[in-house]
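For reference, upload-v2.cif (mmCIF, C-alpha atoms and all ligand atoms):
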data_entry
loop_
_atom_site.label_atom_id
_atom_site.label_comp_id
_atom_site.auth_asym_id
_atom_site.auth_seq_id
_atom_site.Cartn_x
_atom_site.Cartn_y
_atom_site.Cartn_z
CA MET Y 1449 11.71 17.00 1.68
CA SER Y 1450 10.63 13.56 0.58
CA ILE Y 1451 9.84 13.14 -3.12
CA LEU Y 1452 6.61 11.54 -1.92
CA HIS Y 1453 5.41 14.97 -0.78
CA ARG Y 1454 5.28 16.07 -4.41
CA ALA Y 1455 2.74 13.40 -5.35
CA SER Y 1456 -0.25 14.49 -7.36
CA PHE Y 1457 -3.23 12.63 -8.76
CA ALA Y 1458 -2.47 11.02 -12.12
CA ILE Y 1459 -5.22 8.60 -13.13
CA SER Y 1460 -8.05 6.39 -11.88
CA ALA Y 1461 -8.70 3.09 -13.59
CA ALA Y 1462 -11.22 0.31 -13.16
CA ARG Y 1463 -9.31 -2.09 -15.40
CA LEU Y 1464 -5.66 -2.74 -16.13
CA ASP Y 1465 -5.98 -1.77 -19.80
CA GLN Y 1466 -6.89 1.74 -18.65
CA LEU Y 1467 -3.53 2.19 -16.94
CA PRO Y 1468 -0.69 3.94 -18.75
CA PRO Y 1469 1.84 1.51 -20.21
CA PRO Y 1470 4.41 0.42 -17.62
CA GLY Y 1471 7.13 3.02 -17.27
CA ALA Y 1472 8.52 4.70 -14.15
CA PRO Y 1473 8.70 2.51 -11.01
CA GLU Y 1474 5.45 2.01 -9.12
CA VAL Y 1475 4.87 1.26 -5.45
CA CYS Y 1476 1.43 -0.11 -4.73
CA PHE Y 1477 -0.55 -0.13 -1.50
CA VAL Y 1478 -2.66 -3.23 -0.89
CA GLY Y 1479 -4.61 -4.57 2.05
CA ARG Y 1480 -8.03 -5.25 3.45
CA SER Y 1481 -10.64 -2.62 3.16
CA ASN Y 1482 -10.33 -0.29 6.16
CA SER Y 1483 -6.71 -1.34 6.86
CA GLY Y 1484 -5.60 2.26 6.39
CA LYS Y 1485 -4.19 2.35 2.83
CA SER Y 1486 -5.55 5.73 1.85
CA THR Y 1487 -4.69 7.21 5.25
CA ALA Y 1488 -1.10 5.91 4.95
CA ILE Y 1489 -0.76 7.43 1.47
CA ASN Y 1490 -2.00 10.75 2.80
CA VAL Y 1491 0.47 10.82 5.67
CA LEU Y 1492 3.40 9.60 3.55
CA THR Y 1493 2.69 12.25 0.92
CA ASN Y 1494 1.97 14.84 3.63
CA GLN Y 1495 -1.33 15.71 1.94
CA LYS Y 1496 -4.62 15.59 3.78
CA LYS Y 1497 -6.89 14.45 0.98
CA LEU Y 1498 -4.76 13.05 -1.81
CA ALA Y 1499 -6.18 9.55 -1.42
CA TYR Y 1500 -9.63 9.45 0.09
CA SER Y 1501 -9.85 7.90 3.50
CA SER Y 1502 -13.11 7.07 5.08
CA LYS Y 1503 -14.94 5.46 7.94
CA THR Y 1504 -17.02 3.65 5.32
CA PRO Y 1505 -15.16 0.51 4.24
CA GLY Y 1506 -14.85 -0.15 0.53
CA ARG Y 1507 -14.44 3.50 -0.34
CA THR Y 1508 -11.58 3.09 -2.78
CA ARG Y 1509 -12.94 1.06 -5.67
CA LEU Y 1510 -10.60 2.09 -8.42
CA ILE Y 1511 -6.90 1.82 -9.00
CA ASN Y 1512 -5.71 5.34 -8.23
CA MET Y 1513 -2.27 6.36 -9.44
CA PHE Y 1514 -0.41 9.33 -7.99
CA GLY Y 1515 2.58 10.65 -9.93
CA LEU Y 1516 5.87 11.84 -8.46
CA PRO Y 1517 7.35 14.55 -10.70
CA ASP Y 1518 10.94 14.25 -11.84
CA PRO Y 1519 12.73 17.30 -10.34
CA ILE Y 1520 14.87 17.60 -13.46
CA ASP Y 1521 12.06 17.29 -15.99
CA PRO Y 1522 8.70 18.38 -14.53
CA ASP Y 1523 6.78 16.78 -17.42
CA ALA Y 1524 8.28 13.38 -16.66
CA LYS Y 1525 7.45 11.14 -13.71
CA LEU Y 1526 10.06 9.72 -11.38
CA GLY Y 1527 7.59 7.12 -10.17
CA TYR Y 1528 4.06 6.42 -9.03
CA VAL Y 1529 2.26 5.56 -5.81
CA VAL Y 1530 -0.72 3.30 -6.51
CA ASP Y 1531 -3.73 2.88 -4.20
CA LEU Y 1532 -5.42 -0.44 -4.98
CA PRO Y 1533 -8.99 -1.30 -4.00
CA GLY Y 1534 -9.24 -2.97 -0.59
CA TYR Y 1535 -10.38 -6.56 -0.28
CA GLY Y 1536 -12.59 -8.28 2.23
CA TYR Y 1537 -15.46 -5.84 2.17
CA ALA Y 1538 -18.46 -8.09 2.66
CA ALA Y 1539 -21.20 -5.71 1.55
CA VAL Y 1540 -19.95 -5.73 -2.05
CA ALA Y 1541 -21.67 -8.14 -4.46
CA HIS Y 1542 -19.87 -11.43 -4.95
CA SER Y 1543 -19.35 -10.88 -8.70
CA ALA Y 1544 -17.84 -7.45 -8.09
CA ARG Y 1545 -15.51 -8.93 -5.48
CA LEU Y 1546 -14.29 -11.54 -7.96
CA GLU Y 1547 -13.71 -8.87 -10.57
CA TRP Y 1548 -11.59 -6.85 -8.13
CA ALA Y 1549 -9.60 -9.90 -7.15
CA ASP Y 1550 -8.89 -10.50 -10.84
CA VAL Y 1551 -7.78 -6.94 -11.51
CA MET Y 1552 -5.64 -6.84 -8.39
CA GLY Y 1553 -4.14 -10.28 -8.90
CA ASP Y 1554 -3.29 -9.40 -12.49
CA TYR Y 1555 -1.74 -6.12 -11.52
CA LEU Y 1556 0.46 -7.72 -8.84
CA ALA Y 1557 1.50 -10.63 -11.02
CA THR Y 1558 2.08 -8.88 -14.36
CA ARG Y 1559 2.85 -5.21 -13.87
CA THR Y 1560 6.47 -5.01 -14.95
CA SER Y 1561 6.99 -1.52 -13.52
CA LEU Y 1562 5.97 -2.63 -10.01
CA ALA Y 1563 9.06 -1.92 -7.89
CA GLY Y 1564 7.64 -2.79 -4.49
CA VAL Y 1565 4.49 -3.64 -2.59
CA VAL Y 1566 3.31 -2.01 0.61
CA LEU Y 1567 0.97 -4.43 2.35
CA LEU Y 1568 -1.17 -2.87 5.07
CA ILE Y 1569 -2.39 -5.01 7.92
CA ASP Y 1570 -4.35 -3.72 10.90
CA ILE Y 1571 -2.01 -4.50 13.81
CA ARG Y 1572 -4.94 -5.65 15.96
CA ARG Y 1573 -6.19 -8.14 13.36
CA GLY Y 1574 -2.89 -9.55 12.14
CA VAL Y 1575 -2.68 -11.69 8.99
CA THR Y 1576 -6.20 -12.72 7.96
CA GLU Y 1577 -7.11 -15.45 5.49
CA LEU Y 1578 -7.53 -12.89 2.70
CA ASP Y 1579 -4.10 -11.41 3.42
CA ARG Y 1580 -2.67 -14.90 3.21
CA ARG Y 1581 -4.38 -15.41 -0.15
CA LEU Y 1582 -2.92 -12.16 -1.41
CA ALA Y 1583 0.49 -13.32 -0.20
CA ASP Y 1584 0.08 -16.48 -2.30
CA TRP Y 1585 -0.42 -14.31 -5.39
CA LEU Y 1586 2.50 -12.13 -4.48
CA ALA Y 1587 5.05 -14.81 -3.65
CA PRO Y 1588 5.80 -15.94 -7.24
CA ALA Y 1589 6.29 -12.34 -8.41
CA ARG Y 1590 9.23 -11.96 -5.96
CA ARG Y 1591 8.65 -8.26 -5.44
CA PRO Y 1592 10.02 -6.68 -2.27
CA VAL Y 1593 7.26 -6.27 0.32
CA LEU Y 1594 6.98 -3.78 3.15
CA VAL Y 1595 4.28 -4.66 5.67
CA LEU Y 1596 2.92 -1.68 7.56
CA LEU Y 1597 1.16 -2.84 10.72
CA THR Y 1598 -1.31 -0.01 10.79
CA LYS Y 1599 -3.14 1.66 13.67
CA ALA Y 1600 -0.17 0.79 15.92
CA ASP Y 1601 -1.31 3.62 18.21
CA LYS Y 1602 -4.07 1.22 19.35
CA LEU Y 1603 -1.62 -1.23 20.98
CA PRO Y 1604 1.00 -0.89 23.74
CA TYR Y 1605 4.66 -1.33 22.84
CA GLY Y 1606 5.05 -5.00 23.82
CA GLN Y 1607 2.07 -6.09 21.74
CA ARG Y 1608 3.34 -4.10 18.77
CA ILE Y 1609 6.62 -6.02 18.87
CA ASN Y 1610 4.80 -9.35 19.16
CA ALA Y 1611 2.64 -8.44 16.17
CA VAL Y 1612 5.75 -7.77 14.05
CA PHE Y 1613 7.19 -11.18 14.93
CA ALA Y 1614 3.92 -12.97 14.19
CA VAL Y 1615 3.50 -11.31 10.78
CA LYS Y 1616 7.09 -11.97 9.74
CA LYS Y 1617 6.63 -15.62 10.57
CA GLN Y 1618 3.28 -15.95 8.78
CA LEU Y 1619 4.57 -14.25 5.63
CA GLU Y 1620 8.14 -15.53 5.61
CA ASP Y 1621 7.66 -17.16 2.20
CA LEU Y 1622 7.39 -13.71 0.61
CA GLY Y 1623 11.17 -13.43 0.50
CA THR Y 1624 12.26 -9.82 0.82
CA LEU Y 1625 9.90 -8.81 3.60
CA GLN Y 1626 10.09 -5.99 6.11
CA ALA Y 1627 7.41 -5.43 8.72
CA ILE Y 1628 7.10 -2.34 10.90
CA PRO Y 1629 4.46 -0.90 13.23
CA PHE Y 1630 2.89 2.15 11.62
CA SER Y 1631 0.50 4.81 12.81
CA ALA Y 1632 -0.87 7.65 10.76
CA THR Y 1633 -2.05 9.44 13.89
CA SER Y 1634 1.09 9.00 16.03
CA ARG Y 1635 3.42 8.92 12.98
CA PHE Y 1636 5.23 5.73 14.09
CA GLY Y 1637 7.16 4.12 11.30
CA LEU Y 1638 6.73 7.10 9.02
CA ASP Y 1639 10.43 7.82 8.50
CA GLU Y 1640 11.33 4.21 7.85
CA ALA Y 1641 8.42 3.66 5.47
CA THR Y 1642 9.27 6.87 3.60
CA GLN Y 1643 12.87 5.82 3.25
CA ARG Y 1644 12.06 2.33 1.93
CA ILE Y 1645 9.42 3.48 -0.53
CA THR Y 1646 11.61 6.30 -1.80
CA ASN Y 1647 14.44 3.87 -2.28
CA TRP Y 1648 12.28 1.60 -4.43
CA ILE Y 1649 11.33 4.51 -6.65
CA SER Y 1650 14.73 6.09 -6.84
CA PRO Y 1651 17.41 3.70 -5.53
CA GLN Y 1652 20.20 5.39 -3.66
CA VAL Y 1653 23.61 4.23 -4.68
CA VAL Y 1654 25.39 3.34 -1.48
CA PRO Y 1655 29.18 3.21 -1.94
N1 LIG V 1701 -6.20 5.20 15.11
C1 LIG V 1701 -5.86 5.10 13.83
N2 LIG V 1701 -6.82 5.06 12.87
C2 LIG V 1701 -6.44 4.93 11.58
C3 LIG V 1701 -5.07 4.85 11.21
N3 LIG V 1701 -5.00 4.71 9.87
C4 LIG V 1701 -6.27 4.70 9.41
N4 LIG V 1701 -7.15 4.84 10.43
C5 LIG V 1701 -8.63 4.88 10.32
O1 LIG V 1701 -9.09 3.68 9.70
C6 LIG V 1701 -10.19 3.95 8.84
C7 LIG V 1701 -9.94 3.39 7.45
O2 LIG V 1701 -8.87 4.07 6.84
P1 LIG V 1701 -8.70 4.18 5.25
O3 LIG V 1701 -7.38 4.81 5.02
O4 LIG V 1701 -9.89 4.79 4.62
O5 LIG V 1701 -8.65 2.62 4.85
P2 LIG V 1701 -8.47 1.97 3.40
O6 LIG V 1701 -7.56 0.80 3.58
O7 LIG V 1701 -8.06 2.99 2.40
O8 LIG V 1701 -9.95 1.44 3.10
P3 LIG V 1701 -10.63 1.14 1.66
O9 LIG V 1701 -10.45 2.33 0.80
O10 LIG V 1701 -12.03 0.84 2.07
O11 LIG V 1701 -9.96 -0.07 1.11
C8 LIG V 1701 -10.40 5.46 8.85
O12 LIG V 1701 -11.42 5.75 9.78
C9 LIG V 1701 -9.06 5.99 9.36
O13 LIG V 1701 -9.17 7.21 10.02
C10 LIG V 1701 -4.08 4.93 12.26
O14 LIG V 1701 -2.86 4.85 12.04
N5 LIG V 1701 -4.53 5.05 13.54
MG MG V 1702 -8.92 3.61 0.63
#

Could you render the structure from this file as structure tokens?
Amino acid sequence: MSILHRASFAISAARLDQLPPPGAPEVCFVGRSNSGKSTAINVLTNQKKLAYSSKTPGRTRLINMFGLPDPIDPDAKLGYVVDLPGYGYAAVAHSARLEWADVMGDYLATRTSLAGVVLLIDIRRGVTELDRRLADWLAPARRPVLVLLTKADKLPYGQRINAVFAVKKQLEDLGTLQAIPFSATSRFGLDEATQRITNWISPQVVP
């Protein structure tokens, strides 16, 4: 069983100073509103409603942290999965959008316990201008990035492969970048994503 399956809700925060001090490794999920962040967290943790998912864009407005218990010491955390607010949701007031961008940018740039970033991009939309802007924030931090091209069930095989190539090219400046088609409904990419995320939280020593 994946350690991700043991995730449970830890804390919601609107600002960075409400987060616990950096400690166990964190893997955050970022992407446009409606790109499938909460749905991906639910399928990766094998829990139907851990992170809310919704047909209404802009649903996740807080930083939500989910803790992974340490099997040896149940009171301690092995790591965290972090659902960040989505960007690009037009119906939100301009000032609120700027505030989110600040919180998110700060988190990505300064959070010392951030072990890896999962960037979700709707496979049919590809890299949008806002994704590119996020990538510009991320690049200097040099964190490993896993791009999940979500809703891959909506495209035939050939187009999925083309989408992977296009995204890798557009985000090549991010350094350590992996991109895979992912579908919460058809479970494409689930094993690979699980393995990479788990490895960021608890690196496997390979002889
Ligand atoms: N077909 C298909 N639909 C998906 C998939 N993943 C997510 N969806 C749908 O896309 C919509 C948005 O998903 P969410 O997980 O709520 O998106 P989010 O990125 O968390 O959105 P915000 O919280 O607004 O930032 C929902 O209606 C999901 O059911 C997928 O792999 N395949
Ligand atoms: Mg969400």

For range 1630-1636 of chain Y, find every residue with an atom within 10 Å (counting only C-alpha atoms), except residues of its own chain fewer than 5 positions away, and show them as a PyMOL selection string. chain Y and resi 1484+1487-1492+1568-1571+1595-1602+1608+1641

Could you check the closest approach to ligand LIG 1701 (chain V) for each of Y:Thr1558, Y:Asn1610, Y:Ser1486, Y:Ser1456 and tell me which residue wins, using only C-alpha atoms and all ligand atoms? Y:Ser1486

Selection within 7 Å of ligand MG 1702 (chain V) by all atoms listed in the file, output as a list in words: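 Residues lying within 7 Å of ligand MG 1702 (chain V): Ser1481, Asn1482, Gly1484, Lys1485, Ser1486, Ala1499, Tyr1500, Ser1501, Arg1507, Thr1508, Pro1533 and Gly1534 of chain Y.
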
Rounded to one decimal in Å, what is the spacing between CA of Ala1524 in chain Y and CA of Pro1468 in chain Y?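 Between these atoms lies a distance of 13.2 Å.
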
Minimum-distance residue to Ile1459 in chain Y, chosen among Y:Asn1647, Y:Asn1512, Y:Thr1642, Y:Ser1543 (using only C-alpha atoms): Y:Asn1512

Name the closest residue to Phe1457 in chain Y among the candidates Y:Gly1606, Y:Gly1536, Y:Pro1473, Y:Gly1515; distances are taken between atoms, counting all atoms listed in the file.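 Closest to Phe1457 in chain Y, using all atoms listed in the file: Y:Gly1515.
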
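The shortest atom-to-atom distance to ligand LIG 1701 (chain V), with all atoms listed in the file taken into account, belongs to Y:Gly1479 out of Y:Gly1553, Y:Gly1479, Y:Gly1527, Y:Pro1469.
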
When distances are computed from all atoms listed in the file, which of Y:Ala1627, Y:Ile1451, Y:Leu1638, Y:Leu1464 shows the smallest separation from ligand LIG 1701 (chain V)?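 Closest candidate: Y:Leu1638.
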
As an exercise, work out the distance from CA of Arg1509 in chain Y to CA of Gln1618 in chain Y in Å and give it to one decimal place.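 Interatomic distance here is 27.6 Å.
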
Taking the partial coordinates given, rebuild range 1593-1613 of chain Y to contain N, CA and C atoms; return it as a compact mmCIF listing (two decimals), keeping the file's coordinate frame.
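Output below, filename result.txt:
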# COMPACT_ATOMS: atom_id res chain seq x y z
N VAL Y 1593 8.50 -6.61 -0.38
CA VAL Y 1593 7.26 -6.27 0.32
C VAL Y 1593 7.58 -5.57 1.64
N LEU Y 1594 6.91 -4.47 1.87
CA LEU Y 1594 6.98 -3.78 3.15
C LEU Y 1594 5.61 -3.89 3.80
N VAL Y 1595 5.55 -4.57 4.96
CA VAL Y 1595 4.28 -4.66 5.67
C VAL Y 1595 4.21 -3.51 6.67
N LEU Y 1596 3.18 -2.70 6.55
CA LEU Y 1596 2.92 -1.68 7.56
C LEU Y 1596 1.82 -2.22 8.47
N LEU Y 1597 2.16 -2.40 9.73
CA LEU Y 1597 1.16 -2.84 10.72
C LEU Y 1597 0.46 -1.60 11.23
N THR Y 1598 -0.67 -1.31 10.61
CA THR Y 1598 -1.31 -0.01 10.79
C THR Y 1598 -2.09 0.09 12.10
N LYS Y 1599 -2.38 1.32 12.46
CA LYS Y 1599 -3.14 1.66 13.67
C LYS Y 1599 -2.38 1.19 14.93
N ALA Y 1600 -1.03 1.23 14.83
CA ALA Y 1600 -0.17 0.79 15.92
C ALA Y 1600 -0.39 1.62 17.19
N ASP Y 1601 -0.98 2.80 17.02
CA ASP Y 1601 -1.31 3.62 18.21
C ASP Y 1601 -2.34 2.93 19.10
N LYS Y 1602 -3.02 1.92 18.57
CA LYS Y 1602 -4.07 1.22 19.35
C LYS Y 1602 -3.50 0.15 20.27
N LEU Y 1603 -2.20 -0.16 20.15
CA LEU Y 1603 -1.62 -1.23 20.98
C LEU Y 1603 -0.43 -0.71 21.76
N PRO Y 1604 -0.21 -1.25 22.99
CA PRO Y 1604 1.00 -0.89 23.74
C PRO Y 1604 2.24 -1.50 23.09
N TYR Y 1605 3.38 -0.98 23.47
CA TYR Y 1605 4.66 -1.33 22.84
C TYR Y 1605 4.90 -2.83 22.72
N GLY Y 1606 4.75 -3.57 23.83
CA GLY Y 1606 5.05 -5.00 23.82
C GLY Y 1606 4.22 -5.75 22.79
N GLN Y 1607 2.94 -5.40 22.70
CA GLN Y 1607 2.07 -6.09 21.74
C GLN Y 1607 2.41 -5.71 20.31
N ARG Y 1608 2.92 -4.50 20.12
CA ARG Y 1608 3.34 -4.10 18.77
C ARG Y 1608 4.49 -4.98 18.31
N ILE Y 1609 5.45 -5.21 19.22
CA ILE Y 1609 6.62 -6.02 18.87
C ILE Y 1609 6.19 -7.45 18.58
N ASN Y 1610 5.29 -7.99 19.40
CA ASN Y 1610 4.80 -9.35 19.16
C ASN Y 1610 4.12 -9.45 17.80
N ALA Y 1611 3.36 -8.43 17.45
CA ALA Y 1611 2.64 -8.44 16.17
C ALA Y 1611 3.63 -8.49 15.01
N VAL Y 1612 4.73 -7.76 15.12
CA VAL Y 1612 5.75 -7.77 14.05
C VAL Y 1612 6.32 -9.17 13.88
N PHE Y 1613 6.65 -9.81 14.99
CA PHE Y 1613 7.19 -11.18 14.93
C PHE Y 1613 6.20 -12.13 14.27
